[in-house]
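Below is coords13.txt, which holds compact mmCIF, C-alpha atoms.
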# COMPACT_ATOMS: atom_id res chain seq x y z
CA MET J 1 137.95 -37.53 -53.34
CA ARG J 2 134.40 -37.20 -54.64
CA LYS J 3 133.74 -34.14 -56.72
CA SER J 4 131.29 -31.70 -55.22
CA SER J 5 128.80 -30.13 -57.60
CA TRP J 6 129.12 -26.40 -57.61
CA VAL J 7 127.40 -23.86 -59.86
CA TRP J 8 129.30 -20.62 -59.98
CA ALA J 9 127.64 -17.55 -61.51
CA ILE J 10 130.40 -16.36 -63.82
CA PRO J 11 131.02 -16.67 -67.56
CA CYS J 12 134.04 -17.52 -69.59
CA ALA J 13 135.86 -14.54 -68.17
CA ALA J 14 138.17 -16.69 -66.11
CA LEU J 15 140.38 -16.12 -63.17
CA ILE J 16 143.14 -14.25 -64.92
CA GLY J 17 145.03 -11.04 -64.96
CA VAL J 18 146.84 -11.47 -68.28
CA LEU J 19 145.65 -8.97 -70.87
CA ALA J 20 143.44 -7.32 -68.23
CA PRO J 21 144.21 -3.95 -66.66
CA ALA J 22 145.48 -3.67 -63.13
CA MET J 23 143.09 -3.26 -60.24
CA THR J 24 141.97 0.27 -59.48
CA ALA J 25 142.56 2.07 -56.20
CA GLY J 26 139.06 1.04 -55.09
CA ASP J 27 140.12 -2.61 -55.20
CA ILE J 28 142.93 -2.06 -52.70
CA PRO J 29 141.69 -2.07 -49.09
CA SER J 30 143.33 -0.54 -46.06
CA GLN J 31 145.33 -2.92 -43.89
CA GLY J 32 143.09 -5.61 -42.45
CA VAL J 33 139.94 -4.31 -44.15
CA PRO J 34 138.25 -6.30 -46.96
CA GLY J 35 137.86 -4.51 -50.27
CA THR J 36 134.51 -2.93 -50.99
CA THR J 37 134.60 -2.78 -54.79
CA GLY J 38 136.05 -4.63 -57.77
CA VAL J 39 137.29 -8.19 -57.41
CA SER J 40 136.67 -8.35 -53.66
CA LEU J 41 132.88 -8.20 -54.11
CA SER J 42 132.74 -10.15 -57.37
CA PRO J 43 132.35 -13.89 -58.00
CA HIS J 44 136.11 -13.98 -58.62
CA ASN J 45 136.59 -13.58 -54.89
CA LEU J 46 136.58 -17.32 -54.36
CA SER J 47 136.39 -17.10 -50.59
CA ARG J 48 132.75 -16.08 -51.06
CA ALA J 49 132.17 -19.51 -52.60
CA GLY J 50 133.86 -21.41 -49.80
CA VAL J 51 137.36 -21.66 -51.27
CA GLN J 52 139.98 -21.03 -48.61
CA ALA J 53 142.92 -18.91 -49.73
CA GLY J 54 145.29 -18.11 -46.92
CA ASN J 55 144.30 -14.95 -45.06
CA GLY J 56 141.40 -14.22 -47.34
CA GLU J 57 143.81 -13.48 -50.17
CA VAL J 58 141.63 -12.58 -53.15
CA CYS J 59 144.45 -12.83 -55.69
CA LEU J 60 146.07 -16.09 -54.55
CA PRO J 61 143.87 -18.65 -56.37
CA CYS J 62 144.97 -17.08 -59.67
CA HIS J 63 148.27 -15.30 -59.05
CA THR J 64 151.31 -15.73 -56.85
CA SER J 65 154.37 -13.60 -56.16
CA HIS J 66 156.66 -16.63 -55.98
CA ASN J 67 156.85 -20.08 -57.56
CA ALA J 68 154.44 -19.32 -60.39
CA GLN J 69 153.73 -22.01 -62.96
CA ALA J 70 156.46 -22.23 -65.56
CA GLY J 71 155.44 -21.20 -69.05
CA GLN J 72 152.33 -19.30 -67.92
CA PRO J 73 151.90 -15.51 -67.85
CA ALA J 74 150.65 -13.22 -65.08
CA LEU J 75 152.42 -15.15 -62.28
CA TRP J 76 149.76 -17.80 -62.74
CA ASN J 77 149.05 -19.92 -59.67
CA HIS J 78 146.16 -22.18 -60.72
CA ARG J 79 146.60 -25.66 -62.11
CA VAL J 80 146.33 -25.81 -65.92
CA ASN J 81 145.82 -28.81 -68.17
CA THR J 82 148.32 -27.81 -70.85
CA GLY J 83 147.55 -30.87 -72.96
CA MET J 84 143.81 -30.20 -73.25
CA ALA J 85 142.54 -29.84 -76.83
CA TYR J 86 139.23 -28.12 -77.56
CA SER J 87 136.91 -28.49 -80.52
CA LEU J 88 135.92 -25.02 -81.66
CA TYR J 89 132.72 -23.58 -83.10
CA ASN J 90 133.77 -24.19 -86.71
CA THR J 91 133.85 -27.96 -86.27
CA THR J 92 130.10 -28.32 -85.71
CA HIS J 93 128.55 -25.26 -87.33
CA SER J 94 128.84 -23.00 -90.37
CA THR J 95 131.96 -23.33 -92.46
CA ARG J 96 132.09 -19.55 -92.98
CA PHE J 97 135.48 -18.21 -91.87
CA ARG J 98 136.64 -21.76 -91.17
CA SER J 99 140.12 -20.87 -92.33
CA ASN J 100 140.20 -18.09 -89.73
CA TYR J 101 140.31 -20.55 -86.83
CA VAL J 102 143.88 -20.78 -85.59
CA GLY J 103 143.44 -22.04 -82.01
CA LEU J 104 142.95 -20.64 -78.54
CA ASP J 105 145.07 -17.86 -77.10
CA THR J 106 146.90 -18.31 -73.81
CA ALA J 107 144.46 -16.20 -71.78
CA SER J 108 141.46 -18.21 -72.92
CA LYS J 109 143.21 -21.42 -71.91
CA LEU J 110 143.70 -19.97 -68.44
CA CYS J 111 139.99 -19.12 -68.30
CA LEU J 112 139.14 -22.68 -69.19
CA SER J 113 141.42 -24.06 -66.50
CA CYS J 114 138.46 -23.40 -64.21
CA HIS J 115 135.50 -23.02 -66.52
CA ASP J 116 135.63 -26.29 -68.42
CA GLY J 117 134.89 -28.07 -65.14
CA ALA J 118 137.75 -30.53 -65.45
CA ILE J 119 140.03 -28.97 -62.82
CA ALA J 120 138.83 -27.92 -59.38
CA VAL J 121 138.76 -24.19 -58.74
CA ASP J 122 140.61 -24.77 -55.48
CA SER J 123 143.52 -26.51 -57.21
CA PHE J 124 146.12 -23.79 -56.80
CA SER J 125 149.47 -23.23 -55.08
CA GLY J 126 150.46 -26.76 -56.04
CA MET J 127 147.30 -28.38 -54.69
CA THR J 128 145.71 -30.98 -56.98
CA SER J 129 142.92 -32.41 -54.81
CA GLY J 130 140.41 -29.56 -54.84
CA SER J 131 136.70 -30.27 -54.50
CA HIS J 132 134.98 -27.15 -55.90
CA PHE J 133 134.14 -27.51 -59.59
CA VAL J 134 132.35 -25.23 -62.03
CA THR J 135 129.25 -27.13 -63.16
CA GLY J 136 125.94 -26.65 -64.93
CA THR J 137 125.35 -23.78 -67.31
CA LYS J 138 128.38 -21.89 -66.02
CA ALA J 139 130.76 -24.60 -67.19
CA VAL J 140 132.17 -23.69 -70.61
CA GLY J 141 134.13 -26.15 -72.72
CA GLN J 142 133.15 -29.30 -70.85
CA ASN J 143 134.79 -32.42 -72.27
CA GLY J 144 136.80 -30.16 -74.56
CA ASP J 145 133.73 -29.00 -76.48
CA LEU J 146 133.55 -25.30 -77.40
CA GLY J 147 131.25 -25.92 -80.34
CA SER J 148 128.19 -24.38 -78.72
CA VAL J 149 129.64 -21.10 -77.43
CA HIS J 150 130.57 -17.89 -79.22
CA PRO J 151 133.49 -18.56 -81.56
CA VAL J 152 136.92 -18.09 -80.03
CA GLY J 153 140.37 -18.74 -81.40
CA LEU J 154 139.67 -17.17 -84.79
CA ARG J 155 140.98 -14.14 -86.63
CA TYR J 156 138.61 -11.23 -86.85
CA PRO J 157 136.89 -11.40 -90.27
CA GLY J 158 138.55 -9.18 -92.84
CA SER J 159 141.53 -8.31 -90.70
CA SER J 160 145.07 -8.70 -91.92
CA PHE J 161 147.46 -11.17 -90.34
CA ASP J 162 148.74 -8.61 -87.81
CA GLY J 163 145.41 -6.87 -87.30
CA LYS J 164 146.70 -3.41 -88.28
CA THR J 165 144.63 -3.07 -91.43
CA TRP J 166 141.15 -4.27 -92.25
CA ARG J 167 139.39 -5.28 -95.44
CA PRO J 168 135.69 -4.32 -95.22
CA THR J 169 133.64 -7.48 -94.66
CA PRO J 170 129.83 -7.51 -94.86
CA GLY J 171 128.27 -7.85 -91.44
CA TYR J 172 131.28 -6.67 -89.41
CA ASN J 173 132.50 -3.33 -88.07
CA ASP J 174 135.94 -1.86 -88.59
CA PRO J 175 138.12 -2.96 -85.64
CA THR J 176 140.60 -0.15 -86.33
CA SER J 177 137.94 2.48 -85.64
CA PRO J 178 138.13 4.19 -82.21
CA ARG J 179 134.43 3.43 -81.76
CA PHE J 180 135.11 -0.30 -81.88
CA SER J 181 136.80 -0.46 -78.49
CA ALA J 182 135.27 2.63 -76.87
CA GLU J 183 132.93 2.78 -73.86
CA GLY J 184 134.42 0.04 -71.79
CA VAL J 185 134.31 -0.08 -67.98
CA GLY J 186 137.02 0.72 -65.48
CA GLY J 187 139.54 1.73 -68.11
CA ASN J 188 138.93 -1.43 -70.13
CA LYS J 189 138.36 -1.38 -73.86
CA GLY J 190 134.76 -1.94 -74.88
CA VAL J 191 135.87 -4.82 -77.08
CA GLN J 192 139.43 -5.91 -77.68
CA LEU J 193 140.96 -8.15 -80.26
CA ILE J 194 143.68 -10.30 -78.75
CA ASP J 195 146.86 -11.97 -79.94
CA LEU J 196 146.18 -15.48 -81.19
CA ALA J 197 148.59 -18.38 -81.38
CA ASP J 198 149.80 -17.46 -84.89
CA GLY J 199 150.31 -13.76 -84.07
CA SER J 200 147.10 -12.56 -85.69
CA LYS J 201 144.42 -10.47 -84.00
CA GLY J 202 141.19 -12.21 -83.15
CA VAL J 203 138.57 -13.28 -80.66
CA GLY J 204 139.08 -14.91 -77.28
CA CYS J 205 137.44 -14.87 -73.87
CA LEU J 206 138.94 -11.51 -72.98
CA SER J 207 137.55 -9.88 -76.11
CA CYS J 208 134.21 -9.53 -74.33
CA HIS J 209 135.06 -10.14 -70.67
CA SER J 210 137.31 -8.42 -68.14
CA SER J 211 138.28 -10.68 -65.28
CA HIS J 212 138.85 -7.86 -62.78
CA ASN J 213 135.75 -5.74 -63.37
CA ASN J 214 132.19 -6.95 -62.84
CA THR J 215 130.45 -3.59 -63.15
CA ASN J 216 128.24 -4.81 -66.00
CA GLY J 217 127.71 -8.27 -64.54
CA ARG J 218 129.18 -11.47 -65.99
CA PHE J 219 132.45 -9.50 -66.20
CA LEU J 220 131.30 -7.99 -69.50
CA ARG J 221 133.31 -5.13 -70.95
CA THR J 222 130.21 -3.18 -71.99
CA ASP J 223 126.51 -3.18 -71.26
CA MET J 224 124.45 -5.85 -73.03
CA LYS J 225 121.33 -3.66 -73.15
CA TYR J 226 120.05 -3.50 -76.73
CA SER J 227 122.83 -5.99 -77.57
CA PHE J 228 125.35 -3.15 -77.36
CA LEU J 229 128.31 -5.47 -76.82
CA CYS J 230 127.36 -7.70 -79.77
CA LEU J 231 126.98 -4.69 -82.07
CA LYS J 232 130.53 -3.61 -81.41
CA CYS J 233 131.65 -6.31 -83.84
CA HIS J 234 128.49 -7.35 -85.67
CA ASP J 235 126.97 -4.84 -88.08
CA THR J 236 123.34 -5.84 -88.61
Will you turn the file into structure tokens for me?
Amino acid sequence: MRKSSWVWAIPCAALIGVLAPAMTAGDIPSQGVPGTTGVSLSPHNLSRAGVQAGNGEVCLPCHTSHNAQAGQPALWNHRVNTGMAYSLYNTTHSTRFRSNYVGLDTASKLCLSCHDGAIAVDSFSGMTSGSHFVTGTKAVGQNGDLGSVHPVGLRYPGSSFDGKTWRPTPGYNDPTSPRFSAEGVGGNKGVQLIDLADGSKGVGCLSCHSSHNNTNGRFLRTDMKYSFLCLKCHDT
């Protein structure tokens, strides 16, 4: 089947529930009535992009109650290329913190199962012949290349292995401070460090994005005005 070119206006946030809070009451419609807030009116409602999911089931392209993919969290229902390897930011840019790169976390890999453009968005519930692909500027990690996007898969600079203590590092804010993760939307943390493959705390897609809340646009956890989100981590 020929791939159809499809530009979808969402970032690396991904179609995932793992590490994201549950939907709020406003996301849950009355019987037979579409939701009016949250995921239902966001780009993660794939039916708005022409993807058919049963009876307009918003959750189904990502999650399923039964027969979820083995080895994946959050009752994951979308096809995942488990063997895909990605080149990270450190391979093509500054060598600073190169030793901090330990590989992508599970949630980020689920994000990329749609956003790298290699697997059709409508490849879920066992289907493998989908025709809707993320393309253009909204495709992140195409051909396994993450060298031109914000670093992911690395320990937060100056943090200990388990992320509970922090050694002051020029240019970065203290991630153990309450201010670091404050002022998020919909009960989300403003910024969150996530569990990486080696058990350390670091940066992944869900550090800045929340897949169930699009209040700030692009599923961002905080407002980007005056680079507010960036300045949560970066101390300039």
Would you pick out the contacts of J:Leu220 at 12 Å or less, using all atoms listed in the file, so that residues sharing its chain but fewer than 2 positions from it are not included, and give the list as a PyMOL selection string? chain J and resi 10-14+183-186+188-192+205-218+222-225+227-230
Env of J:Leu104: 8 Å cut, atoms = only C-alpha atoms, seq-sep filter 3 positions within chain, self excluded. Answer as a PDB file with C-alpha atoms, in the coordinates of the input.
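Result file follows (result27.pdb):
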ATOM      1  CA  SER J 108     141.460 -18.210 -72.920  1.00  0.00           C
ATOM      2  CA  LYS J 109     143.210 -21.420 -71.910  1.00  0.00           C
ATOM      3  CA  VAL J 152     136.920 -18.090 -80.030  1.00  0.00           C
ATOM      4  CA  GLY J 153     140.370 -18.740 -81.400  1.00  0.00           C
ATOM      5  CA  LEU J 154     139.670 -17.170 -84.790  1.00  0.00           C
ATOM      6  CA  LEU J 196     146.180 -15.480 -81.190  1.00  0.00           C
ATOM      7  CA  ALA J 197     148.590 -18.380 -81.380  1.00  0.00           C
ATOM      8  CA  GLY J 204     139.080 -14.910 -77.280  1.00  0.00           C
TER       9      GLY J 204
END
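Using all atoms listed in the file for every distance, the candidate list J:Ser200, J:Thr135, J:Met84, J:Leu146 yields J:Ser200 as the residue closest to J:Thr165.
Among J:Thr64, J:Ser87, J:Ser129, J:Thr236, the residue with the shortest atom-to-atom distance to J:Tyr172, counting all atoms listed in the file, is J:Thr236.
Using all atoms listed in the file, the smallest distance between any of J:Leu231, J:Ile194, J:Leu60, J:Leu112 and J:Gly144 comes from J:Leu112.
Going from atom CA of J:Gly158 to atom CA of J:Arg96 covers 12.2 Å.
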Taken to one decimal, the atom CA of J:Asn67-atom CA of J:Cys111 distance is 20.0 Å
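Atom pair atom CA of J:Phe133 / atom CA of J:His66: separated by 25.3 Å.
Between J:Cys233 and the residues J:His115, J:Arg179, J:Lys201, J:His44, the shortest atom-to-atom distance, using all atoms listed in the file, involves J:Arg179.
Nearest to J:Phe97 of all the residues J:Tyr156, J:Gly50, J:Ser42, J:Pro61 is J:Tyr156, counting only C-alpha atoms.
Nearest to J:Ala118 of all the residues J:Leu88, J:Val149, J:Leu75, J:Val80 is J:Val80, based on only C-alpha atoms.
Summary of the local environment: counting only C-alpha atoms, residues at most 10 Å from J:Gln72, other than itself and those fewer than 2 positions away along its chain, are Val18, Ala68, Gln69, Ala70, Ala74, Leu75, Trp76, Asn77, His78, Val80, Thr82, Thr106, Ala107 and Leu110 of chain J.
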C-alpha atoms of the current selection, written as a PDB file, in the frame of the given file:
ATOM      1  CA  VAL J  18     146.840 -11.470 -68.280  1.00  0.00           C
ATOM      2  CA  ALA J  68     154.440 -19.320 -60.390  1.00  0.00           C
ATOM      3  CA  GLN J  69     153.730 -22.010 -62.960  1.00  0.00           C
ATOM      4  CA  ALA J  70     156.460 -22.230 -65.560  1.00  0.00           C
ATOM      5  CA  ALA J  74     150.650 -13.220 -65.080  1.00  0.00           C
ATOM      6  CA  LEU J  75     152.420 -15.150 -62.280  1.00  0.00           C
ATOM      7  CA  TRP J  76     149.760 -17.800 -62.740  1.00  0.00           C
ATOM      8  CA  ASN J  77     149.050 -19.920 -59.670  1.00  0.00           C
ATOM      9  CA  HIS J  78     146.160 -22.180 -60.720  1.00  0.00           C
ATOM     10  CA  VAL J  80     146.330 -25.810 -65.920  1.00  0.00           C
ATOM     11  CA  THR J  82     148.320 -27.810 -70.850  1.00  0.00           C
ATOM     12  CA  THR J 106     146.900 -18.310 -73.810  1.00  0.00           C
ATOM     13  CA  ALA J 107     144.460 -16.200 -71.780  1.00  0.00           C
ATOM     14  CA  LEU J 110     143.700 -19.970 -68.440  1.00  0.00           C
TER      15      LEU J 110
END
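Taking only C-alpha atoms, the non-local environment of J:Ser148 within 12 Å (same-chain residues fewer than 2 positions away omitted) comprises Tyr86, Ser87, Leu88, Tyr89, Asn90, Thr91, Thr92, His93, Ser94, Thr137, Ala139, Val140, Gly141, Gln142, Gly144, Asp145, Leu146, His150, Pro151 and Val152 of chain J.
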